[in-house]
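Everything below concerns the one structure shown next.
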Number of protein chains: 2
Amino acid sequence: MNIDLLVHSANQVLTLAGGPQRGQALGELGIVEAGAVAVAAGRILEVGPSRALRERYRAEHEIDAGGMVVLPGFVDPHTHLVWAGDRAAEFEMRVGGASYMEIMAAGGGIRSTVRSTRRASVAQLAAEARPRLASMLAHGTTTAEAKTGYGLELETELRMLQAILQLDQQGPLELAATFLGAHAIPEEYQERSEAYTELVCREMLPGVRAWWQEYANDRPLPFVDVFCEQGAFSLQESRRILQRARELGFPLKIHADEFESLGGTGLAVELGAASADHLVRTPPEDIAALGRADTVAVALPCTPFGLAEAEYTPARAILQAGGLLALATDLNPGTAWCESMQFVIALACRYMRLTPAQAIAAATINAAAAIGRADRIGSLEPGKQADLILLGAPDYRHLGYRFGTNLVRLVIKSGRIVHP
Amino acid sequence: MNIDLLVHSANQVLTLAGGPQRGQALGELGIVEAGAVAVAAGRILEVGPSRALRERYRAEHEIDAGGMVVLPGFVDPHTHLVWAGDRAAEFEMRVGGASYMEIMAAGGGIRSTVRSTRRASVAQLAAEARPRLASMLAHGTTTAEAKTGYGLELETELRMLQAILQLDQQGPLELAATFLGAHAIPEEYQERSEAYTELVCREMLPGVRAWWQEYANDRPLPFVDVFCEQGAFSLQESRRILQRARELGFPLKIHADEFESLGGTGLAVELGAASADHLVRTPPEDIAALGRADTVAVALPCTPFGLAEAEYTPARAILQAGGLLALATDLNPGTAWCESMQFVIALACRYMRLTPAQAIAAATINAAAAIGRADRIGSLEPGKQADLILLGAPDYRHLGYRFGTNLVRLVIKSGRIVHP
């Protein structure tokens with residue numbers, strides 16, 4: 001049978017077959033040793049022993065994956081990909097010992113990014129994001145979520161959404177958009193978080209919906225996300241925003257329990273959110289709730305690492321409760337400018353005590369579930385999109401074991417080589 | 001004037017001029033804004049304002065470093081570059097909670113690497129090291145130290161030395177060799193560390209010296225290094241080995257204070273070692289001694305990171321005492337398989353509280369001092385070797401701020417582009 005592409009002779013093919021992996025079942029890689037992947041029309045046709053597939057198929061392109069590992073492209077389900085400017089000077093102040101208040105007084109913090117982003121055109125936003133997308137792709141991420149949230153006013157938030165749509169259309173990396181108008185209380189609403197919450201509910205959410213329906217070519221609505229945290233949005237405000245979003249038909253996400261718990265994780269479960277993210281200080285009852293829910297717990301280990309904090313998401317407790325765990329970069333200009341899911345895996349193995357196999361599943365099939373796309377990506381199964389990567393290593397456990405570099409040698413998106 | 005190469009229009013050129021940087025003076029980058037570097041016959045001719053240099057020189061090759069930072073190539077003064085095999089399975093056991101004894105019982109630990117290395121030919125050792133060297137180079141390291149120490153018997157140790165010499169000759173990355181026959185007590189000398197110490201002093205050191213003089217084409221003798229630590233070599237044994245090495249004319253290094261202090265740092269200072277490395281548990285009196293010495297303190301933050309340990313080298317105390325501080329990867333198959341000095345800098349900023357400027361100086365001019373080459377490399381000054389790198393970032397502080405990826409876009413060694 002004639003096909004488009006055969007990737008063969010891999011030391012290991014990790015299929016991750018069987019859907020999202022819950023609780024202690026996390027880490028089923030579905031390894032095919034001496035394996036091959038057959039691709040036609042951008043989709044996986046078959047995964048199996050190299051010898052059998054090489055007999056069965058005649059491929060227009062063949063890729064010899066000898067000595068390498070083949071696995072699904074990483075899915076990064078939590079990024080703040082789009083912003084203008086940088087905060088390198090603030091980083092230097094921080095490691096020099098400056099306090100949060102000193103940094104704010106020097107014009108730093110998220111407000112600095114909001115100022116530069118508000119001044120940026122759609123073209124500039126897309127241009128600044130593009131090298132980050134290229135780096136993500138080079139590190140094996142083939143699909144990512146991308147949030148707005150540095151506008152904090154409808155007009156800039158829509159420019160961010162437009163940049164995300166544009167970048168998604170240009171590809172090859174696919175993006176799932178999230179509206180995060182409730183990322184922080186903007187300067188002009190200081191001490192008036194209720195009034196800003198009102199603005200989000202009354203004007204921004206309907207405005208985003210109307211804009212999306214006009215410009216997004218029948219794509220499903222983006223996610224709506226809220227930063228539920230002391231100093232950002234209270235549990236009550238978060239509830240108002242997410243409930244309103246749900247009424248308008250948006251799928252939901254939440255930032256919860258990064259520094260302290262306000263109950264955001266419970267709220268996410270209650271409202272059927274696709275994911276609850278950060279979850280560093282999540283209390284036992286909310287961990288138990290995750291165990292009974294389809295809401296995916298998304299751990300973001302680059303953030304405590306970026307801040308040199310000692311506490312990470314209690315991943316093992318979430319697995320023990322039976323929860324669905326995923327990993328993401330949290331790519332952002334303040335705490336975690338890191339595009340590499342491989343580095344996220346290295347952190348998760350060390351600081352969340354995941355095995356390499358668990359971390360890989362959390363970065364592929366479960367990460368796909370966190371953005372509602374587990375039916376289409378995140379594993380190598382017949383009918384799924386042919387998004388796959390080749391690792392320059394003989395065994396999957398080199399992910400995690402080795403750190404700070406890039407083991408990905410080749411990236412294939414929908415059956416086409418897109419990197420290098 | 002006609003020259004070979006002009007790198008011009010850089011946002012910043014970091015010259016690191018003025019020699020190794022002691023104590024609180026660490027972090028003097030010698031920044032030239034809108035700068036250029038003129039190169040002739042593989043050496044730096046001049047560093048200065050781009051406009052002036054473009055008028056003064058006519059270059060055969062010009063490189064536009066617009067929007068980028070130019071700095072000296074990184075020097076990595078502590079690596080275990082050469083080994084055979086890997087320990088990915090052991091890593092999985094470790095993050096799964098296995099104890100050190102369980103790992104040893106399963107055939108893991110350094111002994112596993114010694115077994116595979118003893119079986120490997122020089123050609124195999126060089127072949128396995130080459131992709132690691134390529135990764136180091138791609139991440140901006142232009143000179144590195146490389147140790148033996150997985151043979152623990154003269155013959156294999158000499159094969160490792162031979163591989164290091166061969167790789168150095170093949171280039172483009174230059175290597176400084178270190179004989180670390182006293183890396184661990186070999187299995188066949190278990191409970192007989194004194195007898196092994198005797199073997200090192202009586203047979204191995206003279207054997208290495210004789211071999212080197214026959215095969216190393218008049219190069220200066222390699223360093224001799226000892227692992228002075230509970231479970232490896234006692235202070236007394238370390239002293240015997242290093243004293244004997246000094247008598248034979250070898251320059252010295254030491255592994256000290258990684259897990260507990262046996263007094264190795266004081267010994268290094270007393271014997272005038274080029275560097276004392278690790279230094280996590282170094283007591284105040286030894287830190288004070290470093291402040292008065294030319295022995296460079298080499299911090300290896302990838303090692304506590306690799307082991308997910310909380311304690312790092314007390315860099316600020318070393319600087320306060322007036323010490324010479326450098327950074328290195330400690331690249332090795334057990335605790336730290338990481339080729340990137342950029343990642344070392346990101347760790348040093350977060351866990352050792354160095355500013356990006358301090359970390360950069362510790363990774364260039366001071367790292368050169370740790371291998372006795374500060375007169376030739378580590379800074380961009382007239383007469384020095386033209387080893388320089390271009391960062392894809394507008395400001396040097398992006399080193400440290402961004403992590404887990406590679407910001408180096410171009411690597412120049414002795415005036416020639418060697419990556420990509």
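Residue numbering restarts at 1 in every chain; chains get A, B, ... in the order shown in the structure tokens, and ligands count up from 1 in that same order.
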
Report as a CSV table (one decimal) with N, CA, C and O atoms, in the first residue's frame all protein, DNA and RNA residues lying within 9 Å of segment 205-220 of chain A, evaluated on only C-alpha atoms, omitting residues in the same chain fewer than 3 positions from it.
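File written: result_34.csv
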chain,number,residue,atom,x,y,z
A,154,LEU,N,-10.7,45.8,26.7
A,154,LEU,CA,-11.2,45.0,25.6
A,154,LEU,C,-10.4,45.1,24.3
A,154,LEU,O,-10.0,44.1,23.7
A,157,GLU,N,-7.0,43.3,24.5
A,157,GLU,CA,-7.3,41.8,24.7
A,157,GLU,C,-7.7,41.3,23.3
A,157,GLU,O,-7.3,40.1,22.9
A,158,LEU,N,-8.5,42.0,22.5
A,158,LEU,CA,-8.9,41.5,21.2
A,158,LEU,C,-7.7,41.5,20.2
A,158,LEU,O,-7.6,40.6,19.4
A,161,LEU,N,-5.9,38.4,21.0
A,161,LEU,CA,-6.7,37.2,20.5
A,161,LEU,C,-6.4,37.1,19.0
A,161,LEU,O,-6.2,36.0,18.4
A,162,GLN,N,-6.4,38.3,18.3
A,162,GLN,CA,-6.2,38.3,16.9
A,162,GLN,C,-4.8,37.8,16.5
A,162,GLN,O,-4.6,37.1,15.6
A,165,LEU,N,-4.9,34.1,16.8
A,165,LEU,CA,-5.5,33.4,15.7
A,165,LEU,C,-4.6,33.5,14.5
A,165,LEU,O,-4.5,32.5,13.7
A,179,PHE,N,-9.1,33.4,26.6
A,179,PHE,CA,-9.3,34.8,27.0
A,179,PHE,C,-9.1,34.9,28.5
A,179,PHE,O,-9.8,34.3,29.3
A,181,GLY,N,-8.9,37.9,30.3
A,181,GLY,CA,-9.1,39.3,30.7
A,181,GLY,C,-9.0,39.5,32.2
A,181,GLY,O,-8.6,40.6,32.7
A,199,LEU,N,-16.9,44.9,34.6
A,199,LEU,CA,-16.5,45.2,33.3
A,199,LEU,C,-16.3,43.9,32.5
A,199,LEU,O,-16.7,43.8,31.3
A,200,VAL,N,-15.5,43.0,33.1
A,200,VAL,CA,-15.2,41.7,32.4
A,200,VAL,C,-16.6,41.0,32.0
A,200,VAL,O,-16.7,40.6,30.9
A,201,CYS,N,-17.5,41.0,33.0
A,201,CYS,CA,-18.7,40.2,32.8
A,201,CYS,C,-19.7,40.9,31.8
A,201,CYS,O,-20.2,40.3,30.9
A,202,ARG,N,-19.8,42.2,32.0
A,202,ARG,CA,-20.8,43.0,31.2
A,202,ARG,C,-20.3,43.3,29.8
A,202,ARG,O,-21.1,43.2,28.8
A,224,VAL,N,-12.2,30.6,28.6
A,224,VAL,CA,-12.1,31.7,29.5
A,224,VAL,C,-11.4,31.3,30.8
A,224,VAL,O,-11.8,30.3,31.4
A,241,ILE,N,-17.2,35.6,37.1
A,241,ILE,CA,-16.7,35.7,35.7
A,241,ILE,C,-16.9,34.3,35.0
A,241,ILE,O,-17.3,34.2,33.9
A,244,ARG,N,-20.6,33.6,34.2
A,244,ARG,CA,-21.0,34.4,33.1
A,244,ARG,C,-20.4,33.8,31.8
A,244,ARG,O,-21.2,33.6,30.8
A,245,ALA,N,-19.2,33.4,31.8
A,245,ALA,CA,-18.6,32.8,30.6
A,245,ALA,C,-19.3,31.5,30.2
A,245,ALA,O,-19.5,31.3,29.1
A,248,LEU,N,-22.4,32.1,28.5
A,248,LEU,CA,-22.2,32.5,27.1
A,248,LEU,C,-21.6,31.4,26.2
A,248,LEU,O,-21.4,31.6,25.0
A,249,GLY,N,-21.4,30.2,26.8
A,249,GLY,CA,-21.0,29.1,26.0
A,249,GLY,C,-19.5,28.8,26.0
A,249,GLY,O,-19.0,28.0,25.3
A,250,PHE,N,-18.7,29.6,26.7
A,250,PHE,CA,-17.2,29.4,26.7
A,250,PHE,C,-16.8,28.2,27.5
A,250,PHE,O,-17.4,28.0,28.6

> Could you name the residues that touch Val13 of chain A at 8 Å or less, counting only C-alpha atoms, but leaving out those on the same chain fewer than 5 positions away, as JSON, numbers by chain?
Replying inline: {"A": [31, 32, 33, 34, 35, 36, 37, 69, 70, 71]}

>> Residues of segment 175-341 of chain A classed as alpha helix (DSSP H) by DSSP on the backbone are to be reported as a PyMOL selection string.
In response: chain A and resi 193-199+205-215+235-247+264-271+284-291+302-306+315-320+341

Can you list every residue of chain B that has an atom at most 7 Å from chain A, with its nearest atom pair and the distance in Å to one decimal, using only C-alpha atoms, ordered by chain then number, as CSV?
residue,atom,partner,partner_atom,distance
B:Ala88,CA,A:Arg397,CA,5.6
B:Ala89,CA,A:Arg397,CA,7.0
B:Phe91,CA,A:Tyr401,CA,6.0
B:Glu92,CA,A:Thr355,CA,5.9
B:Val95,CA,A:Arg353,CA,5.5
B:Gly96,CA,A:Thr355,CA,6.1
B:Ala308,CA,A:Arg350,CA,5.5
B:Trp337,CA,A:Arg402,CA,5.0
B:Cys338,CA,A:Phe403,CA,5.5
B:Ser340,CA,A:Gly404,CA,6.2
B:Phe343,CA,A:Gly404,CA,5.7
B:Cys349,CA,A:Val95,CA,6.2
B:Arg350,CA,A:Ala308,CA,5.5
B:Tyr351,CA,A:Ala308,CA,6.6
B:Arg353,CA,A:Val95,CA,5.5
B:Leu354,CA,A:Val95,CA,6.8
B:Thr355,CA,A:Glu92,CA,5.9
B:Pro356,CA,A:Glu92,CA,6.6
B:Arg397,CA,A:Ala88,CA,5.6
B:His398,CA,A:Ala88,CA,5.8
B:Tyr401,CA,A:Ala88,CA,6.0
B:Arg402,CA,A:Trp337,CA,5.0
B:Phe403,CA,A:Cys338,CA,5.5
B:Gly404,CA,A:Gly404,CA,4.8
B:Thr405,CA,A:Thr405,CA,6.4

Take the residues that were just selected and, keeping C-alpha atoms, output them as a compact mmCIF listing (two decimals), in the first residue's frame.
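As a result, again19.txt now contains:
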# COMPACT_ATOMS: atom_id res chain seq x y z
CA ALA B 88 18.90 6.58 32.57
CA ALA B 89 17.45 3.51 34.31
CA PHE B 91 17.63 8.00 37.23
CA GLU B 92 14.17 6.47 36.94
CA VAL B 95 13.03 9.63 41.21
CA GLY B 96 10.85 6.63 41.98
CA ALA B 308 16.99 17.88 43.66
CA TRP B 337 24.01 15.28 32.24
CA CYS B 338 23.91 18.88 31.12
CA SER B 340 24.84 24.05 28.83
CA PHE B 343 21.63 26.64 32.24
CA CYS B 349 21.20 33.38 39.50
CA ARG B 350 18.35 31.61 41.29
CA TYR B 351 20.05 29.32 43.79
CA ARG B 353 21.91 34.57 44.11
CA LEU B 354 24.42 35.78 41.56
CA THR B 355 23.38 38.60 39.27
CA PRO B 356 23.50 37.77 35.55
CA ARG B 397 20.57 39.88 31.32
CA HIS B 398 18.53 37.51 29.14
CA TYR B 401 16.38 35.38 33.04
CA ARG B 402 15.44 32.85 30.34
CA PHE B 403 16.06 29.18 31.00
CA GLY B 404 15.91 25.69 29.53
CA THR B 405 16.64 26.80 25.97

>> Can you tell me, as a PyMOL selection string, which residues in segment 116-345 of chain A count as strand (DSSP E) by DSSP?
In response: chain A and resi 141-147+174-182+223-228+253-256+275-278+296-299+324-327

Requested write-out: N, CA, C and O atoms of the selected residues, as a compact mmCIF listing (two decimals), in the first residue's frame:
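Everything below was put into again_18.txt:
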# COMPACT_ATOMS: atom_id res chain seq x y z
N THR A 141 7.27 20.92 20.87
CA THR A 141 5.86 21.24 21.11
C THR A 141 5.16 21.45 19.78
O THR A 141 5.57 22.31 19.00
N THR A 142 4.12 20.67 19.53
CA THR A 142 3.41 20.80 18.25
C THR A 142 2.04 21.45 18.40
O THR A 142 1.44 21.86 17.41
N THR A 143 1.54 21.55 19.61
CA THR A 143 0.28 22.26 19.88
C THR A 143 0.42 22.95 21.24
O THR A 143 0.95 22.36 22.18
N ALA A 144 -0.08 24.18 21.34
CA ALA A 144 0.00 24.89 22.61
C ALA A 144 -1.25 25.72 22.84
O ALA A 144 -1.90 26.15 21.88
N GLU A 145 -1.55 25.93 24.08
CA GLU A 145 -2.56 26.91 24.44
C GLU A 145 -1.87 28.27 24.52
O GLU A 145 -0.66 28.34 24.80
N ALA A 146 -2.59 29.36 24.26
CA ALA A 146 -2.02 30.71 24.36
C ALA A 146 -3.10 31.64 24.90
O ALA A 146 -4.20 31.67 24.38
N LYS A 147 -2.71 32.40 25.91
CA LYS A 147 -3.69 33.24 26.61
C LYS A 147 -3.52 34.71 26.25
O LYS A 147 -2.41 35.18 26.00
N GLU A 174 0.04 24.53 16.21
CA GLU A 174 -1.37 24.91 16.41
C GLU A 174 -1.56 25.54 17.78
O GLU A 174 -0.96 25.10 18.76
N LEU A 175 -2.44 26.52 17.84
CA LEU A 175 -2.71 27.19 19.10
C LEU A 175 -4.18 27.06 19.50
O LEU A 175 -5.07 27.16 18.66
N ALA A 176 -4.40 26.85 20.78
CA ALA A 176 -5.74 26.91 21.36
C ALA A 176 -5.82 28.21 22.16
O ALA A 176 -5.00 28.42 23.07
N ALA A 177 -6.75 29.08 21.82
CA ALA A 177 -6.80 30.41 22.43
C ALA A 177 -7.56 30.40 23.75
O ALA A 177 -8.53 29.64 23.92
N THR A 178 -7.11 31.26 24.65
CA THR A 178 -7.80 31.47 25.92
C THR A 178 -7.90 32.96 26.20
O THR A 178 -6.90 33.69 26.08
N PHE A 179 -9.11 33.40 26.57
CA PHE A 179 -9.30 34.80 26.97
C PHE A 179 -9.08 34.91 28.48
O PHE A 179 -9.81 34.30 29.27
N LEU A 180 -8.04 35.67 28.86
CA LEU A 180 -7.72 35.85 30.27
C LEU A 180 -7.77 37.34 30.63
O LEU A 180 -6.83 37.93 31.13
N GLY A 181 -8.93 37.94 30.31
CA GLY A 181 -9.11 39.35 30.69
C GLY A 181 -8.96 39.54 32.19
O GLY A 181 -8.55 40.60 32.67
N ALA A 182 -9.28 38.49 32.95
CA ALA A 182 -9.17 38.56 34.41
C ALA A 182 -7.83 37.99 34.88
O ALA A 182 -7.76 37.10 35.71
N PHE A 223 -11.21 29.30 25.37
CA PHE A 223 -11.40 29.16 26.81
C PHE A 223 -11.49 30.53 27.47
O PHE A 223 -10.95 31.51 26.96
N VAL A 224 -12.16 30.56 28.62
CA VAL A 224 -12.09 31.74 29.49
C VAL A 224 -11.43 31.31 30.79
O VAL A 224 -11.78 30.26 31.36
N ASP A 225 -10.49 32.12 31.23
CA ASP A 225 -9.63 31.79 32.37
C ASP A 225 -9.66 32.96 33.36
O ASP A 225 -9.90 34.11 32.96
N VAL A 226 -9.44 32.67 34.62
CA VAL A 226 -9.41 33.70 35.67
C VAL A 226 -8.24 33.41 36.60
O VAL A 226 -7.99 32.25 36.92
N PHE A 227 -7.55 34.46 37.05
CA PHE A 227 -6.49 34.31 38.04
C PHE A 227 -7.10 34.46 39.44
O PHE A 227 -7.28 35.58 39.93
N CYS A 228 -7.47 33.33 40.04
CA CYS A 228 -8.13 33.34 41.35
C CYS A 228 -7.05 33.27 42.44
O CYS A 228 -6.53 32.18 42.72
N LYS A 253 -11.26 27.61 32.21
CA LYS A 253 -9.99 27.27 32.88
C LYS A 253 -9.84 28.18 34.09
O LYS A 253 -10.54 29.19 34.20
N ILE A 254 -8.93 27.83 34.98
CA ILE A 254 -8.68 28.72 36.12
C ILE A 254 -7.21 28.64 36.52
O ILE A 254 -6.57 27.60 36.37
N HIS A 255 -6.65 29.79 36.99
CA HIS A 255 -5.37 29.83 37.70
C HIS A 255 -5.71 29.75 39.18
O HIS A 255 -6.35 30.69 39.70
N ALA A 256 -5.28 28.73 39.87
CA ALA A 256 -5.67 28.60 41.28
C ALA A 256 -4.51 28.11 42.15
O ALA A 256 -3.65 27.36 41.70
N SER A 275 -9.66 22.66 32.87
CA SER A 275 -8.45 22.49 33.68
C SER A 275 -8.40 23.50 34.82
O SER A 275 -9.02 24.55 34.76
N ALA A 276 -7.65 23.12 35.86
CA ALA A 276 -7.29 24.03 36.94
C ALA A 276 -5.77 24.02 37.01
O ALA A 276 -5.16 22.94 37.08
N ASP A 277 -5.15 25.21 36.98
CA ASP A 277 -3.71 25.29 36.73
C ASP A 277 -2.95 25.91 37.90
O ASP A 277 -3.50 26.75 38.62
N HIS A 278 -1.71 25.54 38.03
CA HIS A 278 -0.78 25.91 39.12
C HIS A 278 -0.89 24.90 40.27
O HIS A 278 -0.06 24.05 40.42
N VAL A 296 -8.75 18.73 34.41
CA VAL A 296 -7.34 18.31 34.44
C VAL A 296 -6.54 19.26 35.35
O VAL A 296 -6.68 20.49 35.24
N ALA A 297 -5.73 18.69 36.22
CA ALA A 297 -4.82 19.48 37.06
C ALA A 297 -3.56 19.76 36.25
O ALA A 297 -2.85 18.82 35.89
N VAL A 298 -3.29 21.03 35.96
CA VAL A 298 -2.13 21.37 35.14
C VAL A 298 -1.04 21.96 36.04
O VAL A 298 -1.18 23.05 36.58
N ALA A 299 0.05 21.21 36.20
CA ALA A 299 1.18 21.67 37.02
C ALA A 299 2.14 22.47 36.15
O ALA A 299 2.37 22.12 34.99
N LEU A 324 -6.50 13.67 37.04
CA LEU A 324 -5.87 13.75 35.72
C LEU A 324 -4.80 14.84 35.79
O LEU A 324 -5.14 16.01 35.98
N LEU A 325 -3.55 14.47 35.61
CA LEU A 325 -2.46 15.43 35.76
C LEU A 325 -1.82 15.74 34.42
O LEU A 325 -1.51 14.82 33.65
N ALA A 326 -1.60 17.03 34.14
CA ALA A 326 -0.86 17.44 32.94
C ALA A 326 0.24 18.41 33.33
O ALA A 326 0.27 18.93 34.45
N LEU A 327 1.16 18.63 32.41
CA LEU A 327 2.27 19.56 32.61
C LEU A 327 2.25 20.63 31.54
O LEU A 327 1.85 20.38 30.40

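Atom pair atom CA of Ser112 of chain A / atom CA of Ile360 of chain B: separated by 26.0 Å.
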
> What separation in Å, quoted to one decimal, exists between atom CA of Arg58 of chain A and atom CA of Gly140 of chain A?
Replying inline: 26.9 Å
